[in-house]
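A quick write-up on the structure given underneath.
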Amino acid sequence: MIKITNLEKFYRTEEVETIALNKLSMEVNTGEFVAIMGPSGCGKSTLLNILGMLDDPDAGSYVFNGVEIAHFNERKRADLRKHNIGFVFQSFNLIDELTVFENVELPLIYTGVSSADRVKRVEEVLDKMQIMHRRNHYPQQLSGGQQQRVAIARAVVNKPKLILADEPTGNLDSSNGNDVMELLTDLNEQGTTIIMVTHSEHDARYSHRIIRLLDGQTVMENIMV
Amino acid sequence: MIRNYLKTAWRNILGNKFYASINVAGLTVGLVVGMFMLLWVQDELSYDKFNSKADNIYKIDIVGGTGISKQIFNNIIAPVATFAKNEVPQVQDAVRIMPVGNAPFRYKDKVFYEDNFAFADPSYFTVFDFNLIKGDKRNPFPDNNSVVITEEMAAKYFGTEDPIGKVVTLGQDEQLKVTGVIPNYPENSSFKYRILMPLSRFNDLAYIKNKKTYDNKTFISSIDADWSMFGFQTYLLLKPGTKVDVTALEKKLQAIHERNKPEDAPVPYLTQPLLKMHLYQADGTDGGFSTVRTFGIVALMILVIACINYVNLSTARSMLRAKEVSMRKIIGAGKLQLFIQFMAETTLLFAIAAIFAFALMFVLLPYYNQFSGKELSLGLSNYNIWACIGLTLLGTLTASSIYPSLLLSSFEPLKALKGRVTIGIGNAAFRRVLVVLQFSVSIVLIIGTLIIGGQLKYIREKNLGYDKENVLSFSMRNGMIPHYDVIKNELQKNPAVLGVTRAGRDIITGGSSTGDNDWDGKPANSNMWFNQVYADKDLIGFFKMNIKEGAGFTGAVADSSHFIINETAVKEMGLTNPIGKRLRVQTVNGTIIGVVKDFHFTTIHHKIEPAVFQYKPNDCWKVYIKTTGAGAQSAIASALAVWKQYNNDVPFNYTFLDDSFKKLYTDDQRTGSLFNIFSAIAIVISCLGLFGLATYSAQVKTREIGIRKVLGASVSRIIGLLATEFMVLIVIAIVIAVPVGWYAMNAWLQDFAYKVNITWVVFVLAGGGATLIALATISIQSVKAAIANPVKSLKNGE
């Protein structure tokens, strides 16, 4: 599904140039659950952003589902993104002014799903995430675990092929964290490819494969059994 | 989708009640004031446009005099209209109107003093759009006793009865028959004559029954042969489609005049399009247009200030919304969708402000009308008003929505999510520019207010050269003039009456003037005009005017050939020792016996012109009574008692000079009051915006303030830190506003012949005032931020 080759990304300020990704190459197949680990500043968030088409590489190739997209402009990337990728963030990033239902509904609005279909699909997902009873609440009224479940619901409502999770349990206690990991595992078992950045060895053990980064390069790959 | 946008927008407003109220309040006030002012401007610009032939109607004026006595006569001689119609091919029709002063008008037991009387040609009803709604359209005046009145007058005198054929009495005993009714005049009509009689009636009275003569030898046969009487407003309707060569037309009219009365030559004519009459003088100089333009500009400025508030507050807050925008983008929102969302938000906020604004306008309209002297109404059928309001709303909405929407929708999601909104810096600079603009406008308005106020005070307190305090006046009617001495004695019996005199003109608003004069040594090319004051012997003393040289009238027979002139006349005539010099004014040949110190006999918009006092007690119809503040009522009662002896059936009409004086400056006073309000409002709106920005700034800096406090910064230093940021902007605004304000107000003062000097005090007051107000506004937030507990600030600021 994803094949990146010699991917490079630099950050420049007036005086320093920081190499975030240094000729990085990797492949992720459809249906995989991959964890990316490494110390702070190793480039894992940069990688995730490029994979999620939120950012573009300075050099190298990025083939998504057989299409080279490294040179895509923002509009084309955005279009590809909204139909294929769901995001889960450490800080949930729900919109405070919208209810649970409306937050989850939002991606469907932007992809132009009809109103009746939207209600059906949102309810389905909320049911699956077991937060149906909170559908009319606002994010501030929920616990962290519940908020992350809403965020996951929002990430999957459009049935994306790929979910990118950036430290999804970072702001949660261990019990809520485990629930979230179970949810991601379920989604993966139903066929969604998942790439997750994490600091937690515990969380990483849910994945099939761990890619360890250091200074913008792959230093090790562990295949989980 | 739109439903979703509006829902989000609504919740955003509810969730941020503070900013939303500041925004709505600023917009509402701005819209109300802006729309009111633009309606006023629109009304001023619409004068006389309702006349369907307006484009082809021209007013004719004559230029008289030279030098300082040069003046334009709006009322001209009668025959030129008739000759023009016969001799100038492009003239299709002509209208002459001869306004007459007030007079009692009576039907059965109903009797009122009516002004707005006029004699007019029957073409008045066809050249202008004043068509008869009752009576014979083709023949509005079947005979010389006909009278046409407005609907309003018909209702006033006849109620629901049919007015046609009713016989009314004008003045003492003139019987007139109502032969037509015209609709009430639109508010924006320059013509407001409610009672119209045929000009042929005047012809009949003045030339046939009363044998008019200027030299007691030759009698003038008719109005169309009288080349000396300046009393007729004259309008020409030109043939449609003809390209008007105004200069050629003026030359033709001048030729007609000079051919018939060669001694008047040169007598230049002026034409003025009907549509320019309301706002321009006959010679094309300003006659109100600059005020209209000023108000238009101020209205736009106030709307701009209100828009700036919105733009500033919403862009400042956009940083707080960066997370939401980014998430929407990551989830799949396109730039256009976000743009529409933010436009929808602005529109919603605007709709709320507009509803408030309309409600306020409806409530305030009667007061506004009273205040501005207009009769505006917000009737649904009034297309122009709604077009004006619609355009204002649309323009304001567009101006305030596009930039914030573009800005918000162009966030780069990744950076915004991480809180690194790079547009922050440039954007803050833009906001600063806007704040500077807002305050510049406000300060210019304050400067305007101070200077206008100063000039109005100057007018009130200026020594006019005569004493107008507690002077009561009324006009004697025909029967009274021969009995003036008896009347005077009667009045003086009342101790509250300090003095009585009479004159042949209204001392404040002026009267007739003449260019028919001659004196020893008059230069051949001089065409000087005198303002004439027919006076009784005690007039000059009564008004405490100063005789500079020579003596006043004594009432001796010889006084009928004596003249007293003012200082300006002496100067204009080029006399060094005026006393005893020969002077002829019209048919009176005599000598100058005195020079009176200059006094203001018209508004101080005009320079003092040459004036001549003539002893003509029998031509004095205006009685002046000097009284005291406390004795005024008693003096009025005495005057009324005297009046009743001669006119039992006619209501008594009197005025105080002070009131008439105030009336002269009504427009100036109005401009002054409006400016007071406008600048107050501009300041309030600007401060609302500043308050919002300061609040925001304090919020954003909560963390910084916390860290500084932990490191030992004092409360006052922190207030200083926050206040300095804004005070710099105010100072820049002052630097911009001072020259602009000076330039604009200097231009305004040019309209006055006598004016105050603009001093630096005005600018110090305006700048200092704005600074203080701004400082007070900022302090509220700065102090709050500075005294907050740093532990809390640091926690919240994360």
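Scheme for the structure tokens: letters A, B, ... for chains in order shown; per-chain residue numbers from 1; ligand numbers from 1 in order shown.
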Checklist entry - region 235-238 of chain B: which residues within 10 Å, counting only C-alpha atoms, same-chain residues fewer than 5 positions away excluded, as number ranges by chain? => result B: 53-61, 81, 84-85, 88-97, 123-124, 127-128, 243-244, 271-274
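Every residue of region 77-109 of chain B with a DSSP assignment of alpha helix (DSSP H), taken from the backbone, is listed as Pro79, Val80, Ala81, Thr82, Phe83, Ala84, Lys85, Asn86 and Glu87 of chain B.
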Could you please take those selected residues and save C-alpha atoms as a PDB file, in the first residue's frame?
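Okay, out_39.pdb is ready:
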```
ATOM      1  CA  PRO B  79     -40.225  90.723 -18.470  1.00  0.00           C
ATOM      2  CA  VAL B  80     -37.107  88.743 -19.263  1.00  0.00           C
ATOM      3  CA  ALA B  81     -39.075  85.471 -18.998  1.00  0.00           C
ATOM      4  CA  THR B  82     -41.689  86.651 -21.500  1.00  0.00           C
ATOM      5  CA  PHE B  83     -39.074  87.967 -23.901  1.00  0.00           C
ATOM      6  CA  ALA B  84     -37.009  84.786 -23.626  1.00  0.00           C
ATOM      7  CA  LYS B  85     -40.037  82.658 -24.446  1.00  0.00           C
ATOM      8  CA  ASN B  86     -40.756  84.764 -27.544  1.00  0.00           C
ATOM      9  CA  GLU B  87     -37.218  85.356 -28.785  1.00  0.00           C
TER      10      GLU B  87
END
```
Got a sec: who's within 6 Å of Glu32 (chain A), counting only C-alpha atoms, leaving out chain neighbours fewer than 2 positions off, as a short mmCIF file (atom, residue, chain, number, x, y, z; two decimals) with N, CA and C atoms, in the first residue's frame?
```
data_model
loop_
_atom_site.label_atom_id
_atom_site.label_comp_id
_atom_site.auth_asym_id
_atom_site.auth_seq_id
_atom_site.Cartn_x
_atom_site.Cartn_y
_atom_site.Cartn_z
N ASN A 29 2.45 -2.85 3.91
CA ASN A 29 1.48 -3.55 3.07
C ASN A 29 0.07 -3.37 3.59
N THR A 30 -0.88 -3.56 2.71
CA THR A 30 -2.28 -3.48 3.09
C THR A 30 -2.57 -4.47 4.21
N THR A 193 -5.47 -0.81 7.47
CA THR A 193 -4.04 -0.70 7.71
C THR A 193 -3.82 0.37 8.78
#
```
Can you build me a table of chain B residues sitting at most 9 Å from chain A, with the closest atom pair per residue and its distance in Å to one decimal, using only C-alpha atoms, sorted by chain and residue number, as CSV?
```
residue,atom,partner,partner_atom,distance
B:Met1,CA,A:Ile109,CA,6.9
B:Asn4,CA,A:Glu102,CA,8.7
B:Lys7,CA,A:Leu98,CA,8.8
B:Thr8,CA,A:Glu97,CA,6.5
B:Ala9,CA,A:Glu97,CA,9.0
B:Arg11,CA,A:Glu97,CA,6.1
B:Asn12,CA,A:Glu97,CA,6.6
B:Gly15,CA,A:Glu97,CA,7.7
B:Lys323,CA,A:Asn93,CA,7.3
B:Glu324,CA,A:Ile95,CA,5.6
B:Val325,CA,A:Ile95,CA,8.9
B:Met327,CA,A:Asn93,CA,6.8
B:Arg328,CA,A:Leu106,CA,7.8
B:Lys329,CA,A:Ala78,CA,8.0
B:Ile330,CA,A:Leu54,CA,7.4
B:Ile331,CA,A:Pro107,CA,5.4
B:Gly332,CA,A:Lys82,CA,4.7
B:Ala333,CA,A:Tyr110,CA,5.5
B:Gly334,CA,A:Ala78,CA,7.7
B:Lys335,CA,A:Arg75,CA,9.0
B:Gln337,CA,A:Tyr110,CA,8.2
B:Glu412,CA,A:Leu54,CA,9.0
B:Pro413,CA,A:Leu54,CA,7.6
B:Leu414,CA,A:Leu54,CA,6.7
B:Leu417,CA,A:Asn93,CA,8.6
```
Item to check | Surrounding residues of Tyr62 (chain A) excluding itself and chain neighbours under 6 positions, 7 Å, only C-alpha atoms, as a list in words | outcome: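 Everything that qualifies: Lys3, Ile4, Thr5, Glu68, Ile69 and Ala70 of chain A.
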Just-selected residues, C-alpha atoms written as a PDB file, in the first residue's frame:
```
ATOM      1  CA  LYS A   3       6.288   2.460  -0.520  1.00  0.00           C
ATOM      2  CA  ILE A   4       8.683   5.255   0.258  1.00  0.00           C
ATOM      3  CA  THR A   5      12.167   5.441  -1.146  1.00  0.00           C
ATOM      4  CA  GLU A  68       3.507   8.499  -6.985  1.00  0.00           C
ATOM      5  CA  ILE A  69       2.290  11.402  -4.888  1.00  0.00           C
ATOM      6  CA  ALA A  70       5.506  13.094  -3.762  1.00  0.00           C
TER       7      ALA A  70
END
```
Item to check | Shortest interatomic distance to Leu183 (chain A) - which of A:Ala204, A:Ile152, A:Leu164, A:Ile131, counting only C-alpha atoms | outcome: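 Result for the nearest residue to Leu183 (chain A): A:Ile152.
Separating CA of Asn489 (chain B) from CA of Thr628 (chain B) is a distance of 18.2 Å.
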Item to check | Shell of 12 Å around region 216-219 of chain B, only C-alpha atoms, local chain residues under 5 positions omitted, as a ChimeraX atom specification | outcome: /B:206-211,225-226,587
Show which residues sit within 7 Å of Gln217 (chain A), as a PDB file with N, CA, C and O atoms, in the first residue's frame. Count only C-alpha atoms, and ignore same-chain residues fewer than 5 positions away.
```
ATOM      1  N   LEU A  21      14.326  13.791   8.079  1.00  0.00           N
ATOM      2  CA  LEU A  21      14.330  12.451   7.474  1.00  0.00           C
ATOM      3  C   LEU A  21      15.525  12.372   6.533  1.00  0.00           C
ATOM      4  O   LEU A  21      15.723  13.235   5.684  1.00  0.00           O
ATOM      5  N   ASN A  22      16.308  11.302   6.692  1.00  0.00           N
ATOM      6  CA  ASN A  22      17.556  11.208   5.945  1.00  0.00           C
ATOM      7  C   ASN A  22      17.517   9.973   5.050  1.00  0.00           C
ATOM      8  O   ASN A  22      17.833   8.869   5.464  1.00  0.00           O
ATOM      9  N   LEU A  24      15.184   8.063   3.917  1.00  0.00           N
ATOM     10  CA  LEU A  24      14.450   6.985   4.578  1.00  0.00           C
ATOM     11  C   LEU A  24      13.670   6.167   3.543  1.00  0.00           C
ATOM     12  O   LEU A  24      13.022   6.727   2.669  1.00  0.00           O
TER      13      LEU A  24
END
```
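DSSP on the backbone gives strand (DSSP E or B) for these parts of region 85-163 of chain A: Ile85, Gly86, Phe87, Val88, Phe89, Leu162 and Ile163 of chain A.
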